[in-house]
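Data block for upload37.txt (compact mmCIF, C-alpha atoms):
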```
# COMPACT_ATOMS: atom_id res chain seq x y z
CA MET Z 129 11.72 18.43 -41.68
CA SER Z 130 8.62 18.31 -43.88
CA ALA Z 131 5.12 19.11 -42.66
CA ASN Z 132 4.16 15.42 -42.95
CA GLN Z 133 7.16 14.32 -40.90
CA GLN Z 134 6.31 16.86 -38.20
CA GLN Z 135 2.75 15.57 -38.12
CA PHE Z 136 4.01 12.00 -37.77
CA LEU Z 137 6.12 13.04 -34.78
CA TRP Z 138 3.11 14.73 -33.16
CA LEU Z 139 1.06 11.57 -33.77
CA ILE Z 140 3.75 9.36 -32.22
CA LEU Z 141 3.82 11.67 -29.18
CA ALA Z 142 0.01 11.48 -28.94
CA MET Z 143 0.16 7.66 -29.05
CA PHE Z 144 2.84 7.76 -26.35
CA PHE Z 145 0.50 9.71 -24.07
CA TRP Z 146 -2.33 7.26 -24.80
CA GLY Z 147 -0.10 4.33 -23.89
CA ALA Z 148 1.35 6.04 -20.81
CA SER Z 149 -2.14 6.64 -19.41
CA TRP Z 150 -2.26 3.02 -18.19
CA PRO Z 151 0.67 3.08 -15.72
CA ILE Z 152 -0.25 6.65 -14.78
CA ALA Z 153 -3.77 5.55 -13.81
CA SER Z 154 -2.16 2.88 -11.63
CA ILE Z 155 -0.06 5.53 -9.88
CA MET Z 156 -3.12 7.74 -9.34
CA SER Z 157 -5.07 4.86 -7.78
CA ALA Z 158 -2.99 5.46 -4.64
CA TYR Z 159 -4.51 8.95 -4.37
CA VAL Z 160 -8.14 8.73 -5.49
CA ASP Z 161 -10.84 6.13 -6.04
CA VAL Z 162 -12.31 5.29 -9.41
CA HIS Z 163 -15.11 7.86 -9.53
CA GLU Z 164 -12.98 10.66 -8.14
CA PHE Z 165 -10.57 9.84 -10.95
CA ILE Z 166 -13.32 9.92 -13.61
CA THR Z 167 -14.97 13.13 -12.38
CA TYR Z 168 -11.73 15.06 -11.87
CA ARG Z 169 -10.23 13.86 -15.14
CA TYR Z 170 -13.11 14.69 -17.43
CA PHE Z 171 -13.90 17.96 -15.66
CA PHE Z 172 -10.40 19.23 -16.45
CA VAL Z 173 -10.53 17.70 -19.93
CA THR Z 174 -13.78 19.56 -20.66
CA LEU Z 175 -12.27 22.83 -19.44
CA SER Z 176 -9.20 22.35 -21.62
CA MET Z 177 -11.19 21.28 -24.71
CA ALA Z 178 -13.24 24.50 -24.77
CA PRO Z 179 -10.35 26.81 -25.77
CA VAL Z 180 -9.13 24.18 -28.27
CA LEU Z 181 -12.47 24.26 -30.08
CA TRP Z 182 -12.49 28.07 -29.95
CA TRP Z 183 -8.91 28.23 -31.32
CA MET Z 184 -9.85 25.82 -34.15
CA ARG Z 185 -12.95 27.97 -34.85
CA LEU Z 186 -15.31 25.05 -34.40
CA SER Z 187 -18.91 25.74 -33.50
CA PHE Z 188 -20.24 24.53 -30.15
CA LYS Z 189 -23.66 24.10 -31.72
CA ILE Z 190 -25.08 20.58 -31.46
CA GLY Z 191 -28.39 19.20 -32.71
CA PHE Z 192 -30.85 17.29 -30.55
CA ILE Z 193 -30.13 13.88 -32.14
CA ASP Z 194 -26.37 14.36 -31.81
CA PHE Z 195 -26.86 15.45 -28.19
CA VAL Z 196 -28.78 12.22 -27.47
CA ILE Z 197 -25.98 10.25 -29.12
CA ALA Z 198 -23.45 12.11 -26.96
CA CYS Z 199 -25.46 11.22 -23.83
CA ILE Z 200 -25.53 7.51 -24.72
CA ALA Z 201 -21.82 7.54 -25.58
CA ALA Z 202 -21.12 9.27 -22.26
CA LEU Z 203 -22.88 6.47 -20.37
CA PHE Z 204 -20.60 3.95 -22.07
CA LEU Z 205 -17.59 6.19 -21.40
CA VAL Z 206 -18.40 6.18 -17.68
CA LEU Z 207 -18.42 2.36 -17.84
CA TYR Z 208 -15.19 2.27 -19.85
CA SER Z 209 -13.41 4.67 -17.49
CA ASN Z 210 -14.59 2.65 -14.51
CA TYR Z 211 -13.28 -0.65 -15.91
CA TYR Z 212 -10.14 1.01 -17.30
CA PHE Z 213 -9.23 2.29 -13.83
CA LEU Z 214 -10.12 -0.97 -12.09
CA SER Z 215 -8.16 -3.05 -14.61
CA VAL Z 216 -4.90 -1.28 -13.68
CA THR Z 217 -5.59 -1.48 -9.94
CA HIS Z 218 -6.38 -5.22 -10.02
CA GLY Z 219 -3.72 -6.29 -12.48
CA ALA Z 220 -0.55 -5.29 -14.35
CA PRO Z 221 -1.07 -1.88 -16.05
CA GLY Z 222 1.10 -2.72 -19.06
CA LEU Z 223 -0.71 -5.98 -19.67
CA ALA Z 224 -4.09 -4.27 -19.24
CA GLY Z 225 -3.11 -1.55 -21.69
CA ALA Z 226 -1.91 -4.08 -24.26
CA VAL Z 227 -4.96 -6.32 -23.98
CA VAL Z 228 -7.58 -3.56 -23.93
CA THR Z 229 -6.10 -1.45 -26.74
CA THR Z 230 -5.78 -4.46 -29.06
CA LEU Z 231 -9.11 -6.01 -28.10
CA MET Z 232 -11.12 -2.77 -28.56
CA PRO Z 233 -10.92 -2.56 -32.38
CA ILE Z 234 -11.62 -6.30 -32.65
CA LEU Z 235 -14.84 -5.90 -30.66
CA VAL Z 236 -15.78 -2.84 -32.74
CA TYR Z 237 -15.41 -4.97 -35.87
CA LEU Z 238 -17.49 -7.79 -34.38
CA LEU Z 239 -20.23 -5.39 -33.29
CA MET Z 240 -20.31 -3.98 -36.80
CA LEU Z 241 -20.71 -7.53 -38.11
CA PHE Z 242 -23.66 -8.16 -35.81
CA SER Z 243 -25.23 -4.85 -36.83
CA LYS Z 244 -24.70 -5.85 -40.49
CA GLN Z 245 -22.59 -2.76 -41.17
CA LYS Z 246 -19.89 -5.07 -42.53
CA LYS Z 247 -19.91 -8.22 -44.62
CA PRO Z 248 -17.12 -10.58 -43.50
CA ARG Z 249 -14.79 -12.17 -46.00
CA PHE Z 250 -12.83 -15.39 -45.56
CA LYS Z 251 -9.64 -13.48 -44.82
CA ASP Z 252 -11.51 -11.49 -42.17
CA TRP Z 253 -12.44 -14.69 -40.33
CA LEU Z 254 -8.79 -15.80 -40.47
CA ALA Z 255 -7.70 -12.39 -39.16
CA LEU Z 256 -10.24 -12.58 -36.32
CA LEU Z 257 -8.92 -16.04 -35.41
CA LEU Z 258 -5.35 -14.69 -35.45
CA ALA Z 259 -6.45 -11.73 -33.31
CA ALA Z 260 -8.18 -14.00 -30.78
CA ILE Z 261 -5.05 -16.16 -30.49
CA GLY Z 262 -2.91 -13.03 -30.18
CA VAL Z 263 -5.01 -11.65 -27.31
CA LEU Z 264 -4.92 -15.01 -25.51
CA ILE Z 265 -1.13 -15.18 -25.90
CA THR Z 266 -0.81 -11.60 -24.62
CA MET Z 267 -2.78 -12.61 -21.51
CA GLY Z 268 -0.66 -15.76 -21.08
CA ILE Z 269 -3.83 -17.81 -21.00
CA TRP Z 270 -2.01 -21.16 -20.67
CA GLN Z 271 -0.71 -20.14 -17.23
CA PHE Z 272 -4.19 -20.01 -15.66
CA GLN Z 273 -6.86 -22.41 -14.58
CA LEU Z 274 -10.47 -21.62 -15.54
CA SER Z 275 -11.17 -19.90 -12.23
CA GLU Z 276 -8.10 -17.70 -12.71
CA ILE Z 277 -9.06 -16.83 -16.28
CA LEU Z 278 -12.33 -15.47 -14.92
CA ALA Z 279 -10.48 -13.50 -12.24
CA THR Z 280 -11.52 -9.94 -11.55
CA GLY Z 281 -8.61 -8.25 -13.38
CA ASN Z 282 -9.18 -10.17 -16.62
CA LEU Z 283 -12.91 -9.49 -16.55
CA TYR Z 284 -12.25 -5.77 -16.06
CA MET Z 285 -10.02 -5.75 -19.16
CA ILE Z 286 -12.70 -7.42 -21.27
CA ALA Z 287 -15.41 -5.12 -19.88
CA ALA Z 288 -13.26 -2.05 -20.61
CA SER Z 289 -12.71 -3.18 -24.20
CA LEU Z 290 -16.41 -3.84 -24.75
CA SER Z 291 -17.42 -0.52 -23.19
CA TRP Z 292 -15.05 1.43 -25.43
CA ALA Z 293 -16.28 -0.49 -28.47
CA LEU Z 294 -19.81 0.66 -27.58
CA VAL Z 295 -18.55 4.26 -27.24
CA SER Z 296 -17.06 4.00 -30.74
CA ILE Z 297 -20.13 2.43 -32.34
CA THR Z 298 -22.48 4.94 -30.70
CA SER Z 299 -20.31 7.93 -31.68
CA SER Z 300 -20.20 6.79 -35.31
CA TYR Z 301 -23.89 7.68 -35.71
CA ALA Z 302 -23.12 11.41 -35.22
CA LYS Z 303 -21.39 11.67 -38.60
CA PRO Z 304 -22.32 15.27 -39.55
CA LEU Z 305 -20.83 16.56 -36.29
CA ASN Z 306 -17.12 17.33 -35.99
CA PRO Z 307 -15.50 14.56 -33.87
CA LEU Z 308 -13.80 17.07 -31.56
CA VAL Z 309 -17.10 18.85 -30.86
CA LEU Z 310 -18.76 15.49 -30.21
CA SER Z 311 -15.89 14.53 -27.88
CA PHE Z 312 -16.29 17.80 -25.98
CA TYR Z 313 -19.95 17.06 -25.25
CA ILE Z 314 -19.24 13.42 -24.39
CA TYR Z 315 -16.59 14.53 -21.87
CA LEU Z 316 -18.90 17.21 -20.44
CA ILE Z 317 -21.83 14.80 -20.03
CA THR Z 318 -19.52 12.11 -18.61
CA THR Z 319 -18.36 14.57 -15.95
CA ILE Z 320 -21.92 15.52 -15.01
CA LEU Z 321 -23.21 11.92 -14.97
CA ASP Z 322 -20.37 10.58 -12.86
CA TRP Z 323 -20.51 13.54 -10.47
CA LEU Z 324 -24.28 13.25 -9.96
CA LEU Z 325 -24.51 9.45 -9.77
CA PHE Z 326 -21.27 8.15 -8.26
CA PHE Z 327 -18.92 10.88 -7.01
CA GLN Z 328 -18.09 10.75 -3.30
CA PRO Z 329 -14.94 12.65 -2.27
CA THR Z 330 -13.34 10.35 0.27
CA HIS Z 331 -9.69 11.32 -0.19
CA GLY Z 332 -9.86 15.03 0.65
CA SER Z 333 -9.57 18.00 -1.68
CA VAL Z 334 -7.84 17.36 -4.98
CA PHE Z 335 -6.00 20.68 -4.49
CA ALA Z 336 -4.33 19.28 -1.37
CA MET Z 337 -2.62 16.48 -3.34
CA ASP Z 338 1.16 16.43 -3.72
CA GLY Z 339 3.27 17.16 -6.78
CA ILE Z 340 3.43 13.53 -7.94
CA PHE Z 341 -0.35 13.42 -8.16
CA TRP Z 342 -0.55 16.66 -10.13
CA ILE Z 343 2.17 15.69 -12.61
CA ASN Z 344 0.39 12.43 -13.36
CA PHE Z 345 -3.04 14.08 -13.36
CA VAL Z 346 -1.98 16.72 -15.89
CA ILE Z 347 -0.46 14.04 -18.14
CA VAL Z 348 -3.50 11.73 -18.04
CA SER Z 349 -6.00 14.57 -18.43
CA LEU Z 350 -4.39 17.13 -20.70
CA GLY Z 351 -1.75 14.96 -22.37
CA SER Z 352 -3.50 11.62 -22.81
CA THR Z 353 -6.94 13.07 -23.53
CA THR Z 354 -7.07 16.70 -24.72
CA PHE Z 355 -3.72 16.79 -26.55
CA ALA Z 356 -3.75 13.23 -27.91
CA THR Z 357 -7.39 13.37 -29.01
CA THR Z 358 -6.92 16.72 -30.77
CA ILE Z 359 -3.79 15.56 -32.58
CA TYR Z 360 -5.41 12.31 -33.65
CA PHE Z 361 -8.60 13.84 -35.05
CA ALA Z 362 -6.64 16.64 -36.75
CA SER Z 363 -4.46 13.96 -38.36
CA VAL Z 364 -7.51 11.99 -39.48
CA HIS Z 365 -8.71 15.16 -41.20
CA SER Z 366 -5.39 15.88 -42.98
CA LEU Z 367 -3.98 12.37 -43.57
CA GLY Z 368 -7.12 10.27 -43.78
CA SER Z 369 -8.44 7.74 -41.29
CA LYS Z 370 -6.39 4.76 -42.52
CA LYS Z 371 -3.04 6.54 -42.37
CA ALA Z 372 -3.79 8.00 -38.95
CA SER Z 373 -5.08 4.68 -37.59
CA VAL Z 374 -1.73 3.00 -38.34
CA PHE Z 375 -0.21 5.01 -35.49
CA THR Z 376 -2.70 3.62 -32.96
CA PHE Z 377 -0.88 0.29 -33.24
CA LEU Z 378 1.93 1.92 -31.24
CA VAL Z 379 -0.31 2.38 -28.19
CA PRO Z 380 -0.03 -1.16 -26.70
CA PHE Z 381 3.76 -1.07 -27.06
CA PHE Z 382 3.92 2.32 -25.34
CA ALA Z 383 1.63 0.97 -22.59
CA LEU Z 384 3.98 -1.97 -22.05
CA GLY Z 385 7.15 0.13 -22.29
CA THR Z 386 6.04 2.88 -19.92
CA SER Z 387 4.84 0.28 -17.39
CA VAL Z 388 8.29 -1.31 -17.41
CA LEU Z 389 9.92 2.14 -17.15
CA PHE Z 390 7.74 3.72 -14.46
CA LEU Z 391 6.46 0.70 -12.51
CA ASN Z 392 9.27 -1.86 -13.06
CA GLU Z 393 6.67 -4.23 -14.49
CA THR Z 394 8.11 -7.53 -15.71
CA LEU Z 395 6.95 -8.64 -19.12
CA GLN Z 396 7.36 -11.87 -21.07
CA TRP Z 397 8.41 -12.09 -24.71
CA THR Z 398 5.08 -13.82 -25.35
CA THR Z 399 3.30 -10.57 -24.45
CA PHE Z 400 4.98 -8.75 -27.33
CA LEU Z 401 4.36 -11.72 -29.64
CA GLY Z 402 0.64 -11.66 -28.81
CA VAL Z 403 0.40 -7.91 -29.38
CA LEU Z 404 2.22 -8.22 -32.71
CA MET Z 405 -0.11 -11.01 -33.87
CA THR Z 406 -3.17 -8.96 -32.95
CA ILE Z 407 -1.86 -5.86 -34.72
CA ILE Z 408 -1.22 -7.90 -37.90
CA ALA Z 409 -4.81 -9.13 -37.68
CA LEU Z 410 -6.08 -5.54 -37.29
CA ILE Z 411 -4.09 -4.43 -40.33
CA VAL Z 412 -5.77 -7.19 -42.37
CA LEU Z 413 -9.25 -6.40 -41.00
CA ASN Z 414 -8.90 -2.72 -41.83
CA ASP Z 415 -7.33 -3.31 -45.27
CA ILE Z 416 -4.40 -1.08 -44.32
CA LYS Z 417 -1.61 -0.92 -46.90
CA LEU Z 418 1.72 -0.34 -45.21
CA ARG Z 419 3.16 1.84 -47.95
CA PRO Z 420 5.46 4.76 -47.09
CA LEU Z 421 3.30 7.11 -45.06
CA ASN Z 422 4.82 10.26 -46.54
CA LYS Z 423 3.22 9.50 -49.89
CA HIS Z 424 0.08 11.42 -50.67
CA LYS Z 425 -3.17 9.57 -51.23
```

Entire entry expressed as structure tokens:
Amino acid sequence: MSANQQQFLWLILAMFFWGASWPIASIMSAYVDVHEFITYRYFFVTLSMAPVLWWMRLSFKIGFIDFVIACIAALFLVLYSNYYFLSVTHGAPGLAGAVVTTLMPILVYLLMLFSKQKKPRFKDWLALLLAAIGVLITMGIWQFQLSEILATGNLYMIAASLSWALVSITSSYAKPLNPLVLSFYIYLITTILDWLLFFQPTHGSVFAMDGIFWINFVIVSLGSTTFATTIYFASVHSLGSKKASVFTFLVPFFALGTSVLFLNETLQWTTFLGVLMTIIALIVLNDIKLRPLNKHK
């Protein structure tokens, strides 16, 4: 197996962990509330990221401007994590994972349009229309009345997508800083902010939880965050952002598949159709050429 093929397998595994985080968060909602989840998760993520940065010989040094950017991004990450957790506790985790992970890059693109970082072309408007239709099909919008469309679960999914888009846009301004170092500080500040402002341990000590909790906690913290984030950013460095970003299109399918596997969630064929339509739109928006990935740039 070539080095590229091995890297592709690691990337697929990383995307699997990202997708699996949605049903896992639903399982963990039976043990902890939203802010216990956020504080515990990012505390352990921060601890695990430190040796990764040391092993990769990355400097922990951060400038004042980049630190301010990390603080702002952390505020949005607290919001995202809050809505992410609530979206799986007030709705179907697989559906939430599919909607949020496909809607996030669309909102990033739209925010970049409003900030005049991008100039839209006619095909971009067509792709955005296709993406909007795809998201609506994924949500099964025709099944709901207006009051149901504005139901809590749907609003949480939209709020989570928007919050993550703001994390992405904010983080993009720290370009000279290594993305993994920036992520470390965002996770650290997120932990501190949530602990100081919202954390109230109402479910007892985390160390008294049973084995099911710890298995899921390790996966969502170390697997879905530390491992997946490290693999993705390392792949962006070696393969380029466009090649690496192709693999993120697997995330909604893994979110749907793991929800069916672990939670016996029932899904409609229209859900997969909507996700596929949205992914096609994202490929067009990002000018991704689906050539064989093992070819060098």

Out of Z:Tyr168, Z:Trp292, Z:Phe312, Z:Tyr301, which residue has the shortest atom-to-atom distance to Ser209 in chain Z when counting all atoms listed in the file?
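Nearest to Ser209 in chain Z: Z:Trp292.
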
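Taking CA of Thr330 in chain Z and CA of Asn392 in chain Z as the two end points, the separation is 28.9 Å.
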
Counting only C-alpha atoms, which residues of range 338-397 of chain Z fall within 12 Å of range 174-185 of chain Z, and what is the closest atom pair for each with its distance in Å at one decimal, ordered by chain and rising number, as a tab-separated table?
```
residue	atom	partner	partner_atom	distance
Z:Val346	CA	Z:Ser176	CA	10.8
Z:Ser349	CA	Z:Ser176	CA	9.0
Z:Leu350	CA	Z:Ser176	CA	7.2
Z:Gly351	CA	Z:Ser176	CA	10.5
Z:Thr353	CA	Z:Met177	CA	9.3
Z:Thr354	CA	Z:Met177	CA	6.2
Z:Phe355	CA	Z:Met177	CA	8.9
Z:Ala356	CA	Z:Met177	CA	11.4
Z:Thr357	CA	Z:Met177	CA	9.8
Z:Thr358	CA	Z:Val180	CA	8.2
Z:Ile359	CA	Z:Val180	CA	11.0
Z:Ala362	CA	Z:Met184	CA	10.1
```

Report, in Å to a single decimal, how far apart CA of Ile166 in chain Z and CA of Gly332 in chain Z are.
15.5 Å

Identify, on the basis of all atoms listed in the file, every residue whose closest approach to range 339-344 of chain Z does not exceed 9 Å; exclude the query and any residue fewer than 3 positions from it along the same chain; express the result as a list in words.
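Listing them by chain and then by number gives Ser149, Ile152, Ala153, Ile155, Met156, Tyr159, Val334, Phe335, Ile347, Val348 and Ser349 of chain Z.
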
Can you work out which one of Z:Ala131, Z:Leu214, Z:Leu294, Z:Val403 has the shortest atom-to-atom distance to Thr266 in chain Z, counting only C-alpha atoms?
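Under the stated criterion, the closest residue is Z:Val403.
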
For Tyr211 in chain Z: contacts at 9 Å, all atoms listed in the file, fewer than 2 positions along chain excluded, given as number ranges by chain:
Z: 162, 206-209, 213-216, 283-289, 291

Dump as a list of chain:residue names all residues having an atom at most 7 Å from (-2.8, 4.0, -22.6), computed in the file's coordinates with all atoms listed in the file.
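Looking at atoms near the point gives Z:Phe145, Z:Trp146, Z:Gly147, Z:Ala148, Z:Ser149, Z:Trp150, Z:Gly225, Z:Val379, Z:Ala383.
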
Mind pulling up the distance from CA of Ser154 in chain Z to CA of His331 in chain Z?
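These atoms are spaced 16.1 Å apart.
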
Would you list the contacts of Thr394 in chain Z as JSON, numbers by chain, taking every protein, DNA or RNA residue within 10 Å and counting only C-alpha atoms, but skipping same-chain residues closer than 3 positions in sequence?
{"Z": [220, 222, 223, 384, 387, 388, 389, 391]}

Give the answer as one residue: which of Z:Ile234, Z:Ala142, Z:Leu290, Z:Leu305 has the shortest atom-to-atom distance to Val263 in chain Z, using all atoms listed in the file?
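Nearest to Val263 in chain Z: Z:Ile234.
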
Among Z:Ile320, Z:Leu367, Z:Gln328, Z:Thr399, Pro380 in chain Z is approached most closely, using all atoms listed in the file, by Z:Thr399

May I ask which of the residues Z:Val228, Z:Leu141, Z:Leu203, Z:Ile190 is the closest one to Thr406 in chain Z, counting only C-alpha atoms?
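Going through Z:Val228, Z:Leu141, Z:Leu203, Z:Ile190 one by one, the smallest distance to Thr406 in chain Z is for Z:Val228.
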
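Proximity to Val412 in chain Z was assessed for Z:Glu393, Z:Asp161, Z:Gln135, Z:Val374 counting all atoms listed in the file; the smallest distance is recorded for Z:Val374.
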